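Asks: Data file coords-v4.cif (mmCIF, C-alpha atoms) is appended below.
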```
data_run
#
loop_
_atom_site.group_PDB
_atom_site.id
_atom_site.type_symbol
_atom_site.label_atom_id
_atom_site.label_comp_id
_atom_site.auth_asym_id
_atom_site.auth_seq_id
_atom_site.Cartn_x
_atom_site.Cartn_y
_atom_site.Cartn_z
ATOM 1 C CA SER X 30 -73.682 19.400 -57.219
ATOM 2 C CA ARG X 31 -72.838 15.753 -57.731
ATOM 3 C CA GLU X 32 -70.515 16.560 -60.675
ATOM 4 C CA VAL X 33 -68.491 19.001 -58.555
ATOM 5 C CA LEU X 34 -68.056 16.435 -55.779
ATOM 6 C CA ALA X 35 -67.010 13.743 -58.272
ATOM 7 C CA TRP X 36 -64.506 16.145 -59.879
ATOM 8 C CA LEU X 37 -63.142 17.201 -56.472
ATOM 9 C CA ASN X 38 -62.771 13.596 -55.331
ATOM 10 C CA ARG X 39 -60.870 12.687 -58.543
ATOM 11 C CA TYR X 40 -58.534 15.635 -58.010
ATOM 12 C CA LEU X 41 -57.952 14.870 -54.314
ATOM 13 C CA THR X 42 -57.347 11.182 -55.136
ATOM 14 C CA ALA X 43 -54.729 12.124 -57.757
ATOM 15 C CA MET X 44 -52.973 14.473 -55.331
ATOM 16 C CA GLY X 45 -53.170 11.850 -52.566
ATOM 17 C CA GLU X 46 -51.334 9.356 -54.796
ATOM 18 C CA VAL X 47 -48.493 11.835 -55.359
ATOM 19 C CA ILE X 48 -48.293 12.652 -51.649
ATOM 20 C CA LYS X 49 -48.188 8.988 -50.661
ATOM 21 C CA GLY X 50 -45.527 8.302 -53.280
ATOM 22 C CA ASN X 51 -43.330 10.935 -51.604
ATOM 23 C CA ARG X 52 -44.020 9.605 -48.099
ATOM 24 C CA GLY X 53 -45.898 12.723 -47.070
ATOM 25 C CA PHE X 54 -48.616 12.593 -44.440
ATOM 26 C CA LEU X 55 -51.891 13.839 -45.918
ATOM 27 C CA ASN X 56 -53.171 15.487 -42.765
ATOM 28 C CA LYS X 57 -56.481 16.919 -43.941
ATOM 29 C CA PHE X 58 -58.600 18.225 -46.760
ATOM 30 C CA ILE X 59 -59.706 21.835 -46.335
ATOM 31 C CA GLY X 60 -62.336 22.282 -49.042
ATOM 32 C CA ASP X 61 -60.308 21.901 -52.218
ATOM 33 C CA GLY X 62 -57.065 22.477 -50.274
ATOM 34 C CA ILE X 63 -54.786 19.846 -48.822
ATOM 35 C CA MET X 64 -52.590 20.055 -45.726
ATOM 36 C CA VAL X 65 -49.559 17.786 -46.074
ATOM 37 C CA VAL X 66 -46.887 17.201 -43.445
ATOM 38 C CA PHE X 67 -43.348 15.912 -43.941
ATOM 39 C CA GLY X 68 -41.346 14.961 -40.862
ATOM 40 C CA ALA X 69 -44.206 14.245 -38.456
ATOM 41 C CA PRO X 70 -44.961 11.723 -37.163
ATOM 42 C CA LEU X 71 -41.848 10.217 -38.848
ATOM 43 C CA THR X 72 -38.781 12.159 -39.973
ATOM 44 C CA ASP X 73 -35.792 11.492 -42.186
ATOM 45 C CA GLY X 74 -34.158 14.653 -40.822
ATOM 46 C CA PRO X 75 -35.142 18.221 -41.688
ATOM 47 C CA GLN X 76 -33.138 18.442 -44.929
ATOM 48 C CA GLU X 77 -34.559 15.237 -46.414
ATOM 49 C CA ASP X 78 -38.071 16.119 -45.189
ATOM 50 C CA ALA X 79 -37.809 19.529 -46.941
ATOM 51 C CA CYS X 80 -36.457 17.933 -50.141
ATOM 52 C CA ARG X 81 -39.302 15.382 -50.170
ATOM 53 C CA ALA X 82 -41.822 18.197 -49.680
ATOM 54 C CA VAL X 83 -40.445 20.121 -52.656
ATOM 55 C CA ARG X 84 -40.239 16.983 -54.842
ATOM 56 C CA CYS X 85 -43.837 16.236 -53.919
ATOM 57 C CA ALA X 86 -44.912 19.787 -54.822
ATOM 58 C CA LYS X 87 -43.206 19.540 -58.219
ATOM 59 C CA GLU X 88 -44.851 16.161 -58.885
ATOM 60 C CA MET X 89 -48.246 17.557 -57.864
ATOM 61 C CA LEU X 90 -47.796 20.332 -60.440
ATOM 62 C CA ALA X 91 -46.782 17.797 -63.109
ATOM 63 C CA ARG X 92 -49.889 15.726 -62.304
ATOM 64 C CA VAL X 93 -52.058 18.855 -62.656
ATOM 65 C CA GLU X 94 -50.427 19.539 -66.057
ATOM 66 C CA ARG X 95 -51.353 16.019 -67.207
ATOM 67 C CA TRP X 96 -54.871 16.530 -65.780
ATOM 68 C CA ASN X 97 -55.263 19.760 -67.774
ATOM 69 C CA ALA X 98 -53.934 18.155 -70.979
ATOM 70 C CA GLN X 99 -56.732 15.572 -70.807
ATOM 71 C CA LEU X 100 -59.580 18.041 -70.257
ATOM 72 C CA PRO X 101 -62.343 18.166 -72.835
ATOM 73 C CA ALA X 102 -62.356 21.336 -74.951
ATOM 74 C CA GLY X 103 -63.866 24.311 -73.171
ATOM 75 C CA GLN X 104 -63.299 22.985 -69.648
ATOM 76 C CA PRO X 105 -61.449 25.418 -67.351
ATOM 77 C CA LYS X 106 -57.869 24.492 -66.518
ATOM 78 C CA LEU X 107 -56.983 23.623 -62.938
ATOM 79 C CA THR X 108 -54.311 25.711 -61.222
ATOM 80 C CA ILE X 109 -52.896 25.072 -57.755
ATOM 81 C CA GLY X 110 -50.603 26.950 -55.403
ATOM 82 C CA ILE X 111 -48.295 25.347 -52.858
ATOM 83 C CA GLY X 112 -46.640 26.967 -49.835
ATOM 84 C CA ILE X 113 -43.807 25.187 -48.031
ATOM 85 C CA HIS X 114 -42.215 26.151 -44.722
ATOM 86 C CA SER X 115 -39.891 24.139 -42.496
ATOM 87 C CA GLY X 116 -39.907 24.472 -38.720
ATOM 88 C CA PRO X 117 -41.106 23.085 -35.423
ATOM 89 C CA VAL X 118 -44.745 22.056 -34.983
ATOM 90 C CA THR X 119 -46.858 20.761 -32.151
ATOM 91 C CA ALA X 120 -48.145 17.366 -33.252
ATOM 92 C CA GLY X 121 -50.777 15.216 -31.608
ATOM 93 C CA ASN X 122 -54.444 14.426 -31.290
ATOM 94 C CA VAL X 123 -56.613 17.532 -31.535
ATOM 95 C CA GLY X 124 -60.345 17.776 -31.013
ATOM 96 C CA SER X 125 -63.023 16.910 -28.524
ATOM 97 C CA LYS X 126 -63.605 13.768 -26.497
ATOM 98 C CA ASP X 127 -66.073 12.651 -29.196
ATOM 99 C CA ARG X 128 -63.839 13.325 -32.197
ATOM 100 C CA LEU X 129 -60.059 13.441 -32.230
ATOM 101 C CA GLU X 130 -57.755 13.667 -35.220
ATOM 102 C CA TYR X 131 -53.983 13.694 -35.475
ATOM 103 C CA SER X 132 -52.799 17.099 -36.633
ATOM 104 C CA VAL X 133 -50.041 19.659 -36.428
ATOM 105 C CA ILE X 134 -50.451 23.211 -35.183
ATOM 106 C CA GLY X 135 -48.297 26.265 -34.636
ATOM 107 C CA GLU X 136 -46.637 29.194 -36.373
ATOM 108 C CA THR X 137 -44.909 26.873 -38.876
ATOM 109 C CA VAL X 138 -48.297 25.621 -40.108
ATOM 110 C CA ASN X 139 -49.683 29.166 -40.240
ATOM 111 C CA LEU X 140 -46.763 30.448 -42.315
ATOM 112 C CA ALA X 141 -47.002 27.561 -44.802
ATOM 113 C CA SER X 142 -50.691 28.394 -45.281
ATOM 114 C CA ARG X 143 -49.914 32.085 -45.812
ATOM 115 C CA LEU X 144 -47.216 31.189 -48.378
ATOM 116 C CA GLU X 145 -49.757 29.152 -50.331
ATOM 117 C CA SER X 146 -52.020 32.201 -50.551
ATOM 118 C CA LEU X 147 -49.075 34.311 -51.843
ATOM 119 C CA THR X 148 -48.616 32.090 -54.907
ATOM 120 C CA LYS X 149 -51.309 34.152 -56.667
ATOM 121 C CA ASP X 150 -49.592 37.472 -55.848
ATOM 122 C CA PHE X 151 -46.207 36.215 -57.050
ATOM 123 C CA LYS X 152 -47.749 34.355 -60.026
ATOM 124 C CA THR X 153 -45.673 31.276 -59.215
ATOM 125 C CA PRO X 154 -47.036 27.862 -58.216
ATOM 126 C CA ILE X 155 -44.629 27.163 -55.312
ATOM 127 C CA VAL X 156 -43.546 29.664 -52.652
ATOM 128 C CA ILE X 157 -41.054 28.549 -50.022
ATOM 129 C CA SER X 158 -39.720 30.138 -46.866
ATOM 130 C CA PRO X 159 -36.059 30.960 -46.185
ATOM 131 C CA GLU X 160 -35.920 28.009 -43.757
ATOM 132 C CA THR X 161 -36.981 25.556 -46.478
ATOM 133 C CA TRP X 162 -34.694 27.298 -48.996
ATOM 134 C CA GLU X 163 -31.688 26.669 -46.729
ATOM 135 C CA TYR X 164 -32.433 22.932 -46.764
ATOM 136 C CA ILE X 165 -33.102 22.529 -50.503
ATOM 137 C CA ARG X 166 -30.918 25.125 -52.225
ATOM 138 C CA GLY X 167 -28.213 22.579 -53.067
ATOM 139 C CA SER X 168 -30.635 20.163 -54.716
ATOM 140 C CA CYS X 169 -33.237 22.343 -56.470
ATOM 141 C CA LEU X 170 -33.173 25.387 -58.688
ATOM 142 C CA THR X 171 -34.748 28.305 -56.858
ATOM 143 C CA VAL X 172 -35.391 31.958 -57.576
ATOM 144 C CA SER X 173 -35.616 34.836 -55.106
ATOM 145 C CA LEU X 174 -39.071 36.411 -55.070
ATOM 146 C CA GLY X 175 -37.974 39.294 -52.847
ATOM 147 C CA GLU X 176 -39.367 40.122 -49.432
ATOM 148 C CA ALA X 177 -43.038 40.215 -48.536
ATOM 149 C CA GLN X 178 -45.150 41.192 -45.581
ATOM 150 C CA VAL X 179 -46.963 38.081 -44.463
ATOM 151 C CA ARG X 180 -50.154 38.425 -42.457
ATOM 152 C CA GLY X 181 -49.543 37.572 -38.809
ATOM 153 C CA PHE X 182 -45.779 38.217 -38.976
ATOM 154 C CA THR X 183 -44.195 41.501 -37.918
ATOM 155 C CA SER X 184 -41.286 41.825 -40.347
ATOM 156 C CA ALA X 185 -41.005 41.176 -44.074
ATOM 157 C CA ILE X 186 -39.889 37.656 -44.995
ATOM 158 C CA PRO X 187 -37.617 36.794 -47.948
ATOM 159 C CA LEU X 188 -39.417 34.299 -50.169
ATOM 160 C CA TYR X 189 -38.302 31.917 -52.903
ATOM 161 C CA GLY X 190 -39.827 30.063 -55.808
ATOM 162 C CA VAL X 191 -38.858 26.630 -57.101
ATOM 163 C CA GLN X 192 -38.041 26.202 -60.776
ATOM 164 C CA GLU X 193 -37.770 23.238 -63.091
ATOM 165 C CA ASP X 194 -34.183 22.774 -64.185
ATOM 166 C CA PRO X 195 -33.572 23.053 -67.939
ATOM 167 C CA THR X 196 -33.196 19.299 -68.456
ATOM 168 C CA ASN X 197 -36.412 18.701 -66.473
ATOM 169 C CA SER X 198 -34.620 16.430 -64.007
ATOM 170 C CA GLU X 199 -33.624 16.857 -60.396
ATOM 171 C CA VAL X 200 -30.336 18.610 -59.722
ATOM 172 C CA ARG X 201 -28.455 16.746 -57.010
ATOM 173 C CA PRO X 202 -25.623 18.195 -54.917
#
```
Would you encode the structure as structure tokens?
Replies:
Amino acid sequence: SREVLAWLNRYLTAMGEVIKGNRGFLNKFIGDGIMVVFGAPLTDGPQEDACRAVRCAKEMLARVERWNAQLPAGQPKLTIGIGIHSGPVTAGNVGSKDRLEYSVIGETVNLASRLESLTKDFKTPIVISPETWEYIRGSCLTVSLGEAQVRGFTSAIPLYGVQEDPTNSEVRP
């Protein structure tokens, strides 16, 4: 319906503002999902790219909290899940000769998508891979979520969540 599209466009606009503010590349909308890339086509180095991705995720969650606080009584609250993985991607124009779009593909993209879907199982809004954890562990509070079998991957993967620090400000190394 028209109301659903208007609501979805307001939500995607709000998330797009947060992504742009963190210099992420909003690659595509997938229904109500968003694929965001840090480090391609431009990188600040893998550690800074990972830190910007996590900062962006935390700001997206804060924006959703503000969104929910302004809802009229009786409206369902919005919840989002975010998966973050750091690794190599193949980047370039993908499509047909009639329609090309810049995108990233590969196992790194697939794992990030799978981590997003695990946020429901772990009941935590951000799930990160061990590769991302290595980059951000000195600048963010994290919690081990244990190991999980991830569809498409042969062995269990240790996963981590990102927490707000008690003073609600970034912890810097």
Asks: For the file shown, what are the residues hit by the PyMOL selection byres ((chain X and resi 178) around 12), laid out as a list in words?
Replies: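 On the file shown, the PyMOL selection byres ((chain X and resi 178) around 12) covers Leu140, Arg143, Leu144, Leu147, Asp150, Gly175, Glu176, Ala177, Val179, Arg180, Gly181, Phe182, Thr183, Ser184, Ala185, Ile186, Pro187 and Leu188 of chain X.
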Asks: List the residues matched by the PyMOL selection byres ((chain X and resi 129-137) around 12) in the displayed structure as a CSV table (one decimal) with C-alpha atoms, keeping the file's coordinate frame, ordered by chain and then by residue number.
Replies:
```csv
chain,number,residue,atom,x,y,z
X,54,PHE,CA,-48.6,12.6,-44.4
X,55,LEU,CA,-51.9,13.8,-45.9
X,56,ASN,CA,-53.2,15.5,-42.8
X,57,LYS,CA,-56.5,16.9,-43.9
X,58,PHE,CA,-58.6,18.2,-46.8
X,64,MET,CA,-52.6,20.1,-45.7
X,65,VAL,CA,-49.6,17.8,-46.1
X,66,VAL,CA,-46.9,17.2,-43.4
X,67,PHE,CA,-43.3,15.9,-43.9
X,68,GLY,CA,-41.3,15.0,-40.9
X,69,ALA,CA,-44.2,14.2,-38.5
X,70,PRO,CA,-45.0,11.7,-37.2
X,112,GLY,CA,-46.6,27.0,-49.8
X,113,ILE,CA,-43.8,25.2,-48.0
X,114,HIS,CA,-42.2,26.2,-44.7
X,115,SER,CA,-39.9,24.1,-42.5
X,116,GLY,CA,-39.9,24.5,-38.7
X,117,PRO,CA,-41.1,23.1,-35.4
X,118,VAL,CA,-44.7,22.1,-35.0
X,119,THR,CA,-46.9,20.8,-32.2
X,120,ALA,CA,-48.1,17.4,-33.3
X,121,GLY,CA,-50.8,15.2,-31.6
X,122,ASN,CA,-54.4,14.4,-31.3
X,123,VAL,CA,-56.6,17.5,-31.5
X,124,GLY,CA,-60.3,17.8,-31.0
X,125,SER,CA,-63.0,16.9,-28.5
X,126,LYS,CA,-63.6,13.8,-26.5
X,127,ASP,CA,-66.1,12.7,-29.2
X,128,ARG,CA,-63.8,13.3,-32.2
X,138,VAL,CA,-48.3,25.6,-40.1
X,139,ASN,CA,-49.7,29.2,-40.2
X,140,LEU,CA,-46.8,30.4,-42.3
X,141,ALA,CA,-47.0,27.6,-44.8
X,142,SER,CA,-50.7,28.4,-45.3
X,143,ARG,CA,-49.9,32.1,-45.8
X,144,LEU,CA,-47.2,31.2,-48.4
X,157,ILE,CA,-41.1,28.5,-50.0
X,158,SER,CA,-39.7,30.1,-46.9
X,160,GLU,CA,-35.9,28.0,-43.8
X,161,THR,CA,-37.0,25.6,-46.5
X,180,ARG,CA,-50.2,38.4,-42.5
X,181,GLY,CA,-49.5,37.6,-38.8
X,182,PHE,CA,-45.8,38.2,-39.0
```
Asks: Given the file shown, determine the residues that the PyMOL selection byres ((chain X and resi 109) around 12) selects; report them as an mmCIF file with C-alpha atoms, in the frame of the given file.
Replies:
```cif
data_model
loop_
_atom_site.group_PDB
_atom_site.id
_atom_site.type_symbol
_atom_site.label_atom_id
_atom_site.label_comp_id
_atom_site.auth_asym_id
_atom_site.auth_seq_id
_atom_site.Cartn_x
_atom_site.Cartn_y
_atom_site.Cartn_z
ATOM 1 C CA TYR X 40 -58.534 15.635 -58.010
ATOM 2 C CA LEU X 41 -57.952 14.870 -54.314
ATOM 3 C CA MET X 44 -52.973 14.473 -55.331
ATOM 4 C CA ASP X 61 -60.308 21.901 -52.218
ATOM 5 C CA GLY X 62 -57.065 22.477 -50.274
ATOM 6 C CA ILE X 63 -54.786 19.846 -48.822
ATOM 7 C CA ALA X 86 -44.912 19.787 -54.822
ATOM 8 C CA LYS X 87 -43.206 19.540 -58.219
ATOM 9 C CA MET X 89 -48.246 17.557 -57.864
ATOM 10 C CA LEU X 90 -47.796 20.332 -60.440
ATOM 11 C CA ALA X 91 -46.782 17.797 -63.109
ATOM 12 C CA ARG X 92 -49.889 15.726 -62.304
ATOM 13 C CA VAL X 93 -52.058 18.855 -62.656
ATOM 14 C CA GLU X 94 -50.427 19.539 -66.057
ATOM 15 C CA TRP X 96 -54.871 16.530 -65.780
ATOM 16 C CA ASN X 97 -55.263 19.760 -67.774
ATOM 17 C CA LYS X 106 -57.869 24.492 -66.518
ATOM 18 C CA LEU X 107 -56.983 23.623 -62.938
ATOM 19 C CA THR X 108 -54.311 25.711 -61.222
ATOM 20 C CA GLY X 110 -50.603 26.950 -55.403
ATOM 21 C CA ILE X 111 -48.295 25.347 -52.858
ATOM 22 C CA GLY X 112 -46.640 26.967 -49.835
ATOM 23 C CA GLU X 145 -49.757 29.152 -50.331
ATOM 24 C CA SER X 146 -52.020 32.201 -50.551
ATOM 25 C CA LEU X 147 -49.075 34.311 -51.843
ATOM 26 C CA THR X 148 -48.616 32.090 -54.907
ATOM 27 C CA LYS X 149 -51.309 34.152 -56.667
ATOM 28 C CA LYS X 152 -47.749 34.355 -60.026
ATOM 29 C CA THR X 153 -45.673 31.276 -59.215
ATOM 30 C CA PRO X 154 -47.036 27.862 -58.216
ATOM 31 C CA ILE X 155 -44.629 27.163 -55.312
ATOM 32 C CA VAL X 156 -43.546 29.664 -52.652
#
```
Asks: Would you list the contacts of Ile165 (chain X) as a short mmCIF file (atom, residue, chain, number, x, y, z; two decimals) with C-alpha atoms, keeping the file's coordinate frame, taking every protein, DNA or RNA residue within 8 Å and counting all atoms listed in the file, but skipping same-chain residues closer than 6 positions in sequence?
Replies:
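And here is the file that came out, around-v2.cif:
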```
data_model
loop_
_atom_site.label_atom_id
_atom_site.label_comp_id
_atom_site.auth_asym_id
_atom_site.auth_seq_id
_atom_site.Cartn_x
_atom_site.Cartn_y
_atom_site.Cartn_z
CA GLN X 76 -33.14 18.44 -44.93
CA ALA X 79 -37.81 19.53 -46.94
CA CYS X 80 -36.46 17.93 -50.14
#
```
Asks: Just want the 7 Å neighbourhood of Val191 (chain X), counted on all atoms listed in the file, with same-chain residues fewer than 5 positions away dropped. Output as a PyMOL selection string.
Replies: chain X and resi 155+170-172
Asks: I'd like the interatomic distance between CA of Ala82 (chain X) and CA of Gly53 (chain X), to a tenth of an Å.
Replies: 7.3 Å
Asks: Add whatever atoms are absent from region 174-193 of chain X to reach N, CA, C and O atoms, and provide the output as a PDB file, keeping the file's coordinate frame.
Replies:
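New file out17.pdb:
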```
ATOM      1  N   LEU X 174     -37.852  35.662 -54.741  1.00  0.00           N
ATOM      2  CA  LEU X 174     -39.071  36.411 -55.070  1.00  0.00           C
ATOM      3  C   LEU X 174     -39.074  37.772 -54.390  1.00  0.00           C
ATOM      4  O   LEU X 174     -40.015  38.537 -54.543  1.00  0.00           O
ATOM      5  N   GLY X 175     -38.030  38.054 -53.609  1.00  0.00           N
ATOM      6  CA  GLY X 175     -37.974  39.294 -52.847  1.00  0.00           C
ATOM      7  C   GLY X 175     -38.621  39.096 -51.481  1.00  0.00           C
ATOM      8  O   GLY X 175     -38.969  37.981 -51.095  1.00  0.00           O
ATOM      9  N   GLU X 176     -38.763  40.190 -50.761  1.00  0.00           N
ATOM     10  CA  GLU X 176     -39.367  40.122 -49.432  1.00  0.00           C
ATOM     11  C   GLU X 176     -40.840  40.470 -49.519  1.00  0.00           C
ATOM     12  O   GLU X 176     -41.262  41.218 -50.396  1.00  0.00           O
ATOM     13  N   ALA X 177     -41.609  39.909 -48.576  1.00  0.00           N
ATOM     14  CA  ALA X 177     -43.038  40.215 -48.536  1.00  0.00           C
ATOM     15  C   ALA X 177     -43.505  40.293 -47.098  1.00  0.00           C
ATOM     16  O   ALA X 177     -42.990  39.584 -46.228  1.00  0.00           O
ATOM     17  N   GLN X 178     -44.456  41.167 -46.869  1.00  0.00           N
ATOM     18  CA  GLN X 178     -45.150  41.192 -45.581  1.00  0.00           C
ATOM     19  C   GLN X 178     -46.117  40.022 -45.593  1.00  0.00           C
ATOM     20  O   GLN X 178     -46.858  39.856 -46.559  1.00  0.00           O
ATOM     21  N   VAL X 179     -46.081  39.231 -44.560  1.00  0.00           N
ATOM     22  CA  VAL X 179     -46.963  38.081 -44.463  1.00  0.00           C
ATOM     23  C   VAL X 179     -47.878  38.307 -43.266  1.00  0.00           C
ATOM     24  O   VAL X 179     -47.399  38.604 -42.159  1.00  0.00           O
ATOM     25  N   ARG X 180     -49.167  38.193 -43.508  1.00  0.00           N
ATOM     26  CA  ARG X 180     -50.154  38.425 -42.457  1.00  0.00           C
ATOM     27  C   ARG X 180     -49.828  37.590 -41.223  1.00  0.00           C
ATOM     28  O   ARG X 180     -49.540  36.404 -41.306  1.00  0.00           O
ATOM     29  N   GLY X 181     -49.823  38.258 -40.058  1.00  0.00           N
ATOM     30  CA  GLY X 181     -49.543  37.572 -38.809  1.00  0.00           C
ATOM     31  C   GLY X 181     -48.078  37.586 -38.410  1.00  0.00           C
ATOM     32  O   GLY X 181     -47.719  37.099 -37.345  1.00  0.00           O
ATOM     33  N   PHE X 182     -47.209  38.151 -39.276  1.00  0.00           N
ATOM     34  CA  PHE X 182     -45.779  38.217 -38.976  1.00  0.00           C
ATOM     35  C   PHE X 182     -45.339  39.667 -39.032  1.00  0.00           C
ATOM     36  O   PHE X 182     -45.751  40.418 -39.920  1.00  0.00           O
ATOM     37  N   THR X 183     -44.499  40.082 -38.074  1.00  0.00           N
ATOM     38  CA  THR X 183     -44.195  41.501 -37.918  1.00  0.00           C
ATOM     39  C   THR X 183     -43.244  42.058 -38.968  1.00  0.00           C
ATOM     40  O   THR X 183     -43.432  43.168 -39.439  1.00  0.00           O
ATOM     41  N   SER X 184     -42.229  41.291 -39.370  1.00  0.00           N
ATOM     42  CA  SER X 184     -41.286  41.825 -40.347  1.00  0.00           C
ATOM     43  C   SER X 184     -41.435  41.102 -41.680  1.00  0.00           C
ATOM     44  O   SER X 184     -41.961  39.994 -41.756  1.00  0.00           O
ATOM     45  N   ALA X 185     -40.946  41.771 -42.730  1.00  0.00           N
ATOM     46  CA  ALA X 185     -41.005  41.176 -44.074  1.00  0.00           C
ATOM     47  C   ALA X 185     -40.143  39.911 -44.120  1.00  0.00           C
ATOM     48  O   ALA X 185     -39.128  39.815 -43.423  1.00  0.00           O
ATOM     49  N   ILE X 186     -40.566  38.953 -44.901  1.00  0.00           N
ATOM     50  CA  ILE X 186     -39.889  37.656 -44.995  1.00  0.00           C
ATOM     51  C   ILE X 186     -39.376  37.472 -46.425  1.00  0.00           C
ATOM     52  O   ILE X 186     -40.141  37.655 -47.381  1.00  0.00           O
ATOM     53  N   PRO X 187     -38.082  37.108 -46.595  1.00  0.00           N
ATOM     54  CA  PRO X 187     -37.617  36.794 -47.948  1.00  0.00           C
ATOM     55  C   PRO X 187     -38.242  35.485 -48.419  1.00  0.00           C
ATOM     56  O   PRO X 187     -38.286  34.507 -47.666  1.00  0.00           O
ATOM     57  N   LEU X 188     -38.733  35.479 -49.640  1.00  0.00           N
ATOM     58  CA  LEU X 188     -39.417  34.299 -50.169  1.00  0.00           C
ATOM     59  C   LEU X 188     -38.732  33.828 -51.450  1.00  0.00           C
ATOM     60  O   LEU X 188     -38.055  34.595 -52.130  1.00  0.00           O
ATOM     61  N   TYR X 189     -38.946  32.549 -51.755  1.00  0.00           N
ATOM     62  CA  TYR X 189     -38.302  31.917 -52.903  1.00  0.00           C
ATOM     63  C   TYR X 189     -39.318  31.096 -53.682  1.00  0.00           C
ATOM     64  O   TYR X 189     -40.280  30.586 -53.115  1.00  0.00           O
ATOM     65  N   GLY X 190     -39.060  30.959 -54.964  1.00  0.00           N
ATOM     66  CA  GLY X 190     -39.827  30.063 -55.808  1.00  0.00           C
ATOM     67  C   GLY X 190     -38.945  28.893 -56.213  1.00  0.00           C
ATOM     68  O   GLY X 190     -37.720  28.970 -56.122  1.00  0.00           O
ATOM     69  N   VAL X 191     -39.576  27.824 -56.641  1.00  0.00           N
ATOM     70  CA  VAL X 191     -38.858  26.630 -57.101  1.00  0.00           C
ATOM     71  C   VAL X 191     -39.062  26.531 -58.600  1.00  0.00           C
ATOM     72  O   VAL X 191     -40.178  26.677 -59.092  1.00  0.00           O
ATOM     73  N   GLN X 192     -37.965  26.287 -59.324  1.00  0.00           N
ATOM     74  CA  GLN X 192     -38.041  26.202 -60.776  1.00  0.00           C
ATOM     75  C   GLN X 192     -37.700  24.801 -61.239  1.00  0.00           C
ATOM     76  O   GLN X 192     -36.973  24.078 -60.565  1.00  0.00           O
ATOM     77  N   GLU X 193     -38.206  24.464 -62.424  1.00  0.00           N
ATOM     78  CA  GLU X 193     -37.770  23.238 -63.091  1.00  0.00           C
ATOM     79  C   GLU X 193     -36.380  23.514 -63.638  1.00  0.00           C
ATOM     80  O   GLU X 193     -36.107  24.604 -64.118  1.00  0.00           O
TER      81      GLU X 193
END
```
